[in-house]
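Colleague: The structure's right below; bear with me while I get my questions together.
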Amino acid sequence: ENIMVSKTGLVKIMDFGLAKRKGVTRVTKEGSTLGTLAYMSPEQAEGLTVDRRSDLFSFGVVMYEMATGQLPFKGEHDAAVLYAIVNEAPILVGSINPNTPKELERFIHKALEKEPEDRYQHADDLAADLKRLKKDLESGRTTTTQAKIPGMRESKKMPVWLVPTSVLVLFIAASLWFLTSRSSRIEASVGLTKIAVLPFESVRNDPGTDFLGFSLADQIITKLDYVQSVVVRPSSAIRKYEGAEIDLSSVARDLDVEVVLTGSYMKEGDRFRLNAQLVNVSRNEIVWREPIEVEYSDIFTVQDSISRKIIAGLKLHLSPEEEVRLRKDVPSNPIAYEYFLKAVANPSVTATDYANQVQLLEKSVQLDSTYSLAWASLGRAYRLYAQFAGNREGYYELAKRAYDRALRLNGELPYAISGLAHFYAETGKVDEAALLLQQALSVNPNAPEFYRSLGYVYRYGGMMDESIEMYVRAQALDSSFASLFYSQIQITKALIYKGEYLAAVSLADSAIERRSAAGQPIDVISLFYQGMAYYYSKDWQRAFAIFDSCTKVDPSNLWSLFGKTYKEAARGNFKRVRSITKSLEERNVVDHEMLYRFTHFYALAGETNLALKSLEASSKGFINYPYINSDPLLESIRATEEFQILLSEVKTRHEAFKRRFSGTL
């Protein structure tokens with residue numbers, strides 16, 4: 001779609017992210033992945049480091065398409081295409097078009113090797129091979145593949161889509177120039193600077209201030225979220241570097257950034273000193289290096305000072321609106337700010353972790369009720385604690401109040417907007433959630449977190465392909481390890497809901513294996529959905545083992561108990577299923593996607609009336625009609641009149657949601 005041949009035979013590259021044709025899914029979408037999805041290399045699809053060999057892979061896709069009239073890697077949706085790129089070998093060119101010269105087939109498949117080291121290493125090498133092939137074609141020294149496969153008729157004439165040799169060679173020259181310079185030109189046109197703020201290193205071992213290394217970095221990240229010309233890696237991506245020896249080149253490759261902020265700090269008496277340096281790793285250049293020393297009671301000024309120095313050092317031009325936003329969110333009480341920083345520094349994996357966060361943040365807002373970021377963080381802690389431990393104490397209601405308070409103080413705080421959108425989705429206000437995020441993206445279209453949140457909301461509304469697309473868009477802006485893991489788990493959920501269980505298994509396994517190999521903790525929700533992929537595939541042994549792992553991580557966690565209930569249902573222990581489900585209901589679960597689990601449990605246990613009652617409750621907010629309509633775990637209630645009525649109501653709401661939001665980005 002992006003490469004056109006004019007009536008005079010001139011080949012043109014037509015699209016640099018702006019064109020869009022109705023009904024065509026492969027044309028680059030503005031604000032989406034840099035590079036059309038079907039032409040991505042395996043390492044780009046997996047969020048790994050890319051180099052010129054990725055461009056040569058993309059060019060191999062183009063050559064394959066020219067020779068055969070079809071793409072080497074295909075699928076019904078983005079996730080299926082990505083899976084094919086990473087895992088599947090393309091059909092031999094000669095099997096599709098027997099008139100292809102053997103050498104050309106070899107060149108194409110060499111360019112399409114999965115491992116970069118097995119491909120062409122330089123564009124010059126491929127160009128030399130193609131020039132030699134041109135001479136052989138002109139002299140008649142080449143032979144075609146004439147490959148046959150059982151049941152395939154032999155072609156009697158060259159397909160109309162095979163480009164004449166003269167045009168092919170001219171196209172190669174233009175395309176190689178384009179491919180070798182593509183990345184730098186796209187980055188320049190978009191005008192985005194990718195930056196990572198690493199946890200600061202404590203000069204002395206001081207348990208009283210160790211929390212500052214990560215939490216101060218997190219605060220600078222939050223400040224930079226306001227700047228549209230910067231894409232800053234999230235705190236989740238940089239936590240693994242806390243306390244570790246680092247090599248800046250490796251960090252830059254791992255996080256896919258050009259610029260890194262690093263440094264060390266020390267508290268001595270009432271004074272706090274931070275030595276920071278901003279490094280442009282791609283140019284091996286220190287942009288600036290400067291010590292900052294303040295009274296410890298003024299430590300909240302450090303985040304603003306560093307953020308300003310980064311903006312000045314990178315020569316970024318702020319709009320008046322960005323200037324106003326940067327001046328917001330200034331804490332006024334140093335003790336409250338210290339509580340807040342300790343909460344931020346606390347890694348959260350279990351319900352106990354979130355309970356500790358809640359306590360610290362409640363102390364923070366009691367001492368300083370005007371700090372919007374503390375209120376937004378408290379809203380998130382309440383919401384996730386309610387998810388992990390149950391809503392016994394009305395934590396969802398407390399979360400809503402905290403988010404509202406944060407946005408009254410600062411209506412443009414990205415952290416609060418994203419958190420409130422998740423809250424809306426989970427509590428039945430799916431339309432409000434999607435609208436909130438689309439408005440936020442109109443303010444900052446380069447915020448990966450907004451795309452991730454919109455992907456989350458779209459799943460609740462039953463727009464699975466659009467949900468996957470949002471995670472792909474977020475990945476284009478933030479291809480860090482943590483972002484990739486989160487996106488892969490969320491796409492796993494969408495694949496399960498679409499009934500593509502083998503793809504879900506493959507994606508979840510890949511994500512969790514890579515995270516384990518990196519020594520990163522794996523939360524219970526991610527493990528649970530890995531188990532569910534196997535559960536739907538009826539691989540009970542693997543599913544049960546993963547559900548048992550959830551229990552080992554956090555036995556009282558709701559998701560752990562969900563896994564345990566699914567396990568008992570598959571074993572036919574329906575009395576046990578009913579017992580656990582009753583106890584789970586006492587936790588006052590609010591999230592409508594989580595409530596849908598109760599529909600499963602009662603349906604599997606043969607409790608038709610309770611299953612229908614549960615479906616009625618969950619469908620007030622979880623309107624994923626395609627999933628509910630095809631979910632094999634609901635077979636026992638599908639034929640009832642009540643189910644069909646509920647399904648019809650869900651379909652009506654889902655279709656209204658889709659009409660309102662499909663194609664709006």
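Every chain in the structure tokens has a letter given in the order shown (A, B, ...), and although residue numbers restart at 1 in each chain, ligands are simply numbered from 1 in the order shown.
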For region 441-495 of chain A against region 586-592 of chain A, with a cut-off of 12 Å and counting only C-alpha atoms, what is the closest atom pair and its distance in Å to one decimal for every residue that makes the cut, ordered by chain and number, as a Markdown table?
Modeller:
| residue | atom | partner | partner_atom | distance |
| --- | --- | --- | --- | --- |
| A:Val457 | CA | A:His592 | CA | 11.9 |
| A:Arg459 | CA | A:His592 | CA | 11.9 |
| A:Tyr460 | CA | A:His592 | CA | 8.7 |
| A:Gly461 | CA | A:His592 | CA | 11.3 |
Colleague: With N, CA and C atoms retained, export the selected residues as a short mmCIF file (atom, residue, chain, number, x, y, z; two decimals), in the first residue's frame.
Modeller:
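Once everything was written out, this is out39.cif:
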data_model
loop_
_atom_site.label_atom_id
_atom_site.label_comp_id
_atom_site.auth_asym_id
_atom_site.auth_seq_id
_atom_site.Cartn_x
_atom_site.Cartn_y
_atom_site.Cartn_z
N VAL A 457 -9.19 -0.32 28.59
CA VAL A 457 -10.60 0.05 28.53
C VAL A 457 -11.29 -0.61 27.33
N ARG A 459 -10.69 -3.39 26.03
CA ARG A 459 -10.96 -4.80 26.31
C ARG A 459 -12.27 -4.97 27.08
N TYR A 460 -12.52 -4.10 28.03
CA TYR A 460 -13.78 -4.15 28.77
C TYR A 460 -14.97 -3.93 27.83
N GLY A 461 -14.76 -3.08 26.81
CA GLY A 461 -15.83 -2.78 25.87
C GLY A 461 -15.96 -3.80 24.76
#
Colleague: Ser662 (chain A): which residues within 10 Å, counting only C-alpha atoms, same-chain residues fewer than 5 positions away excluded, as a PyMOL selection string?
Modeller: chain A and resi 458+463+466+655-657
Colleague: Got time to write the residues from that selection, all heavy atoms, as a short mmCIF file (atom, residue, chain, number, x, y, z; two decimals), in the first residue's frame?
Modeller:
data_model
loop_
_atom_site.label_atom_id
_atom_site.label_comp_id
_atom_site.auth_asym_id
_atom_site.auth_seq_id
_atom_site.Cartn_x
_atom_site.Cartn_y
_atom_site.Cartn_z
N TYR A 458 -10.63 -0.61 26.19
CA TYR A 458 -11.22 -1.23 25.00
C TYR A 458 -11.53 -2.71 25.24
O TYR A 458 -12.49 -3.26 24.69
CB TYR A 458 -10.29 -1.08 23.80
CG TYR A 458 -10.35 0.27 23.12
CD1 TYR A 458 -9.38 0.66 22.21
CD2 TYR A 458 -11.38 1.17 23.39
CE1 TYR A 458 -9.42 1.89 21.57
CE2 TYR A 458 -11.43 2.41 22.77
CZ TYR A 458 -10.46 2.76 21.85
OH TYR A 458 -10.52 3.98 21.24
N MET A 463 -13.70 -4.50 22.38
CA MET A 463 -12.97 -4.14 21.16
C MET A 463 -11.55 -4.71 21.26
O MET A 463 -10.59 -4.01 21.52
CB MET A 463 -12.95 -2.62 20.98
CG MET A 463 -14.32 -2.04 20.66
SD MET A 463 -14.42 -0.21 20.82
CE MET A 463 -13.08 0.31 19.74
N GLU A 466 -8.83 -3.54 18.63
CA GLU A 466 -8.45 -2.16 18.95
C GLU A 466 -7.63 -2.11 20.24
O GLU A 466 -6.71 -1.30 20.38
CB GLU A 466 -9.69 -1.29 19.08
CG GLU A 466 -10.44 -1.06 17.78
CD GLU A 466 -11.44 -2.17 17.45
OE1 GLU A 466 -11.44 -3.22 18.14
OE2 GLU A 466 -12.22 -2.00 16.50
N GLU A 655 -22.12 -2.80 20.97
CA GLU A 655 -22.18 -2.19 19.64
C GLU A 655 -22.27 -0.67 19.72
O GLU A 655 -21.70 0.04 18.88
CB GLU A 655 -23.34 -2.78 18.85
CG GLU A 655 -23.09 -4.24 18.45
CD GLU A 655 -24.24 -4.84 17.67
OE1 GLU A 655 -25.36 -4.27 17.71
OE2 GLU A 655 -24.03 -5.89 17.02
N ALA A 656 -22.97 -0.17 20.74
CA ALA A 656 -23.04 1.28 20.93
C ALA A 656 -21.66 1.84 21.29
O ALA A 656 -21.24 2.89 20.80
CB ALA A 656 -24.06 1.61 22.01
N PHE A 657 -20.96 1.12 22.15
CA PHE A 657 -19.60 1.52 22.55
C PHE A 657 -18.69 1.52 21.33
O PHE A 657 -17.91 2.47 21.12
CB PHE A 657 -19.08 0.55 23.62
CG PHE A 657 -17.69 0.85 24.11
CD1 PHE A 657 -17.47 1.79 25.11
CD2 PHE A 657 -16.60 0.19 23.58
CE1 PHE A 657 -16.19 2.06 25.57
CE2 PHE A 657 -15.31 0.45 24.03
CZ PHE A 657 -15.11 1.39 25.03
#
Colleague: Where does DSSP see helix (DSSP H, G or I) in region 348-387 of chain A, if you list the residues as JSON, numbers by chain?
Modeller: {"A": [351, 352, 353, 354, 355, 356, 357, 358, 359, 360, 361, 362, 363, 364, 365, 366, 367, 372, 373, 374, 375, 376, 377, 378, 379, 380, 381, 382, 383, 384, 385, 386, 387]}
Colleague: Looking at A:Arg52, A:Arg380, A:Arg289, A:Arg308, which one is nearest to Gly263 (chain A), with distances taken over only C-alpha atoms?
Modeller: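 Among A:Arg52, A:Arg380, A:Arg289, A:Arg308, it is A:Arg289 that comes nearest to Gly263 (chain A).
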Colleague: Which distance in Å separates CA of Gln359 (chain A) and CA of Lys328 (chain A), to one decimal?
Modeller: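 These atoms are spaced 24.8 Å apart.
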Colleague: Please determine, counting only C-alpha atoms, which residue among A:Phe481, A:Tyr265, A:Tyr501, A:Tyr120 has the shortest atom-to-atom distance to Arg53 (chain A).
Modeller: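 So, comparing all the options, the nearest one is A:Tyr120.
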Colleague: Skip region 389-404 of chain A itself and residues of its chain fewer than 3 positions away, then list as an MDAnalysis selection string all residues within 9 Å of it, counting only C-alpha atoms.
Modeller: chainID A and resid 351:352 372 374:386 407:409 416:417 419:420 423:424 427 556:558 584 586:591
Colleague: Enter the distance from CA of Lys363 (chain A) to CA of Asn346 (chain A), in Å, rounded to one decimal.
Modeller: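 The value is 15.0 Å.
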Colleague: Interatomic distance between CA of Lys564 (chain A) and CA of Arg638 (chain A)?
Modeller: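 So the two atoms, CA of Lys564 (chain A) and CA of Arg638 (chain A), lie 24.3 Å apart.
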Colleague: Which residues are close to Phe214 (chain A), i.e. within 12 Å by only C-alpha atoms, leaving aside same-chain residues fewer than 5 positions away? Reply as a VMD selection string.
Modeller: chain A and resid 197 to 202 209 219 to 221 234 to 244 262 to 265 341 to 347
Colleague: May I have the selected residues written with C-alpha atoms, as a PDB file, in the first residue's frame?
Modeller:
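In the end it all went to part_5.pdb:
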ATOM      1  CA  VAL A 197      16.046   8.445  34.390  1.00  0.00           C
ATOM      2  CA  LEU A 198      17.908   5.768  36.355  1.00  0.00           C
ATOM      3  CA  PRO A 199      17.671   5.253  40.134  1.00  0.00           C
ATOM      4  CA  PHE A 200      20.307   7.337  41.882  1.00  0.00           C
ATOM      5  CA  GLU A 201      23.048   5.585  43.828  1.00  0.00           C
ATOM      6  CA  SER A 202      23.579   6.237  47.508  1.00  0.00           C
ATOM      7  CA  THR A 209      17.667   7.369  52.976  1.00  0.00           C
ATOM      8  CA  GLN A 219       9.480  12.059  40.569  1.00  0.00           C
ATOM      9  CA  ILE A 220      11.644  13.403  37.745  1.00  0.00           C
ATOM     10  CA  ILE A 221       9.966  10.919  35.396  1.00  0.00           C
ATOM     11  CA  PRO A 234       8.295   4.663  33.205  1.00  0.00           C
ATOM     12  CA  SER A 235       9.420   3.864  36.721  1.00  0.00           C
ATOM     13  CA  SER A 236       8.563   0.187  36.224  1.00  0.00           C
ATOM     14  CA  ALA A 237      11.205   0.021  33.484  1.00  0.00           C
ATOM     15  CA  ILE A 238      14.039   1.419  35.593  1.00  0.00           C
ATOM     16  CA  ARG A 239      13.445  -0.336  38.924  1.00  0.00           C
ATOM     17  CA  LYS A 240      15.618  -3.316  37.952  1.00  0.00           C
ATOM     18  CA  TYR A 241      18.666  -1.004  37.843  1.00  0.00           C
ATOM     19  CA  GLU A 242      18.270  -0.031  41.489  1.00  0.00           C
ATOM     20  CA  GLY A 243      21.466  -0.928  43.348  1.00  0.00           C
ATOM     21  CA  ALA A 244      22.978  -2.578  40.272  1.00  0.00           C
ATOM     22  CA  THR A 262      22.236   9.052  36.214  1.00  0.00           C
ATOM     23  CA  GLY A 263      23.905  10.127  39.435  1.00  0.00           C
ATOM     24  CA  SER A 264      24.585   9.635  43.120  1.00  0.00           C
ATOM     25  CA  TYR A 265      23.393  11.256  46.342  1.00  0.00           C
ATOM     26  CA  LEU A 341       8.682   9.013  48.529  1.00  0.00           C
ATOM     27  CA  LYS A 342       8.826   5.953  50.794  1.00  0.00           C
ATOM     28  CA  ALA A 343       5.512   4.740  49.362  1.00  0.00           C
ATOM     29  CA  VAL A 344       6.770   5.212  45.797  1.00  0.00           C
ATOM     30  CA  ALA A 345       9.970   3.320  46.563  1.00  0.00           C
ATOM     31  CA  ASN A 346       8.026   0.330  47.866  1.00  0.00           C
ATOM     32  CA  PRO A 347       7.840  -2.359  45.120  1.00  0.00           C
TER      33      PRO A 347
END
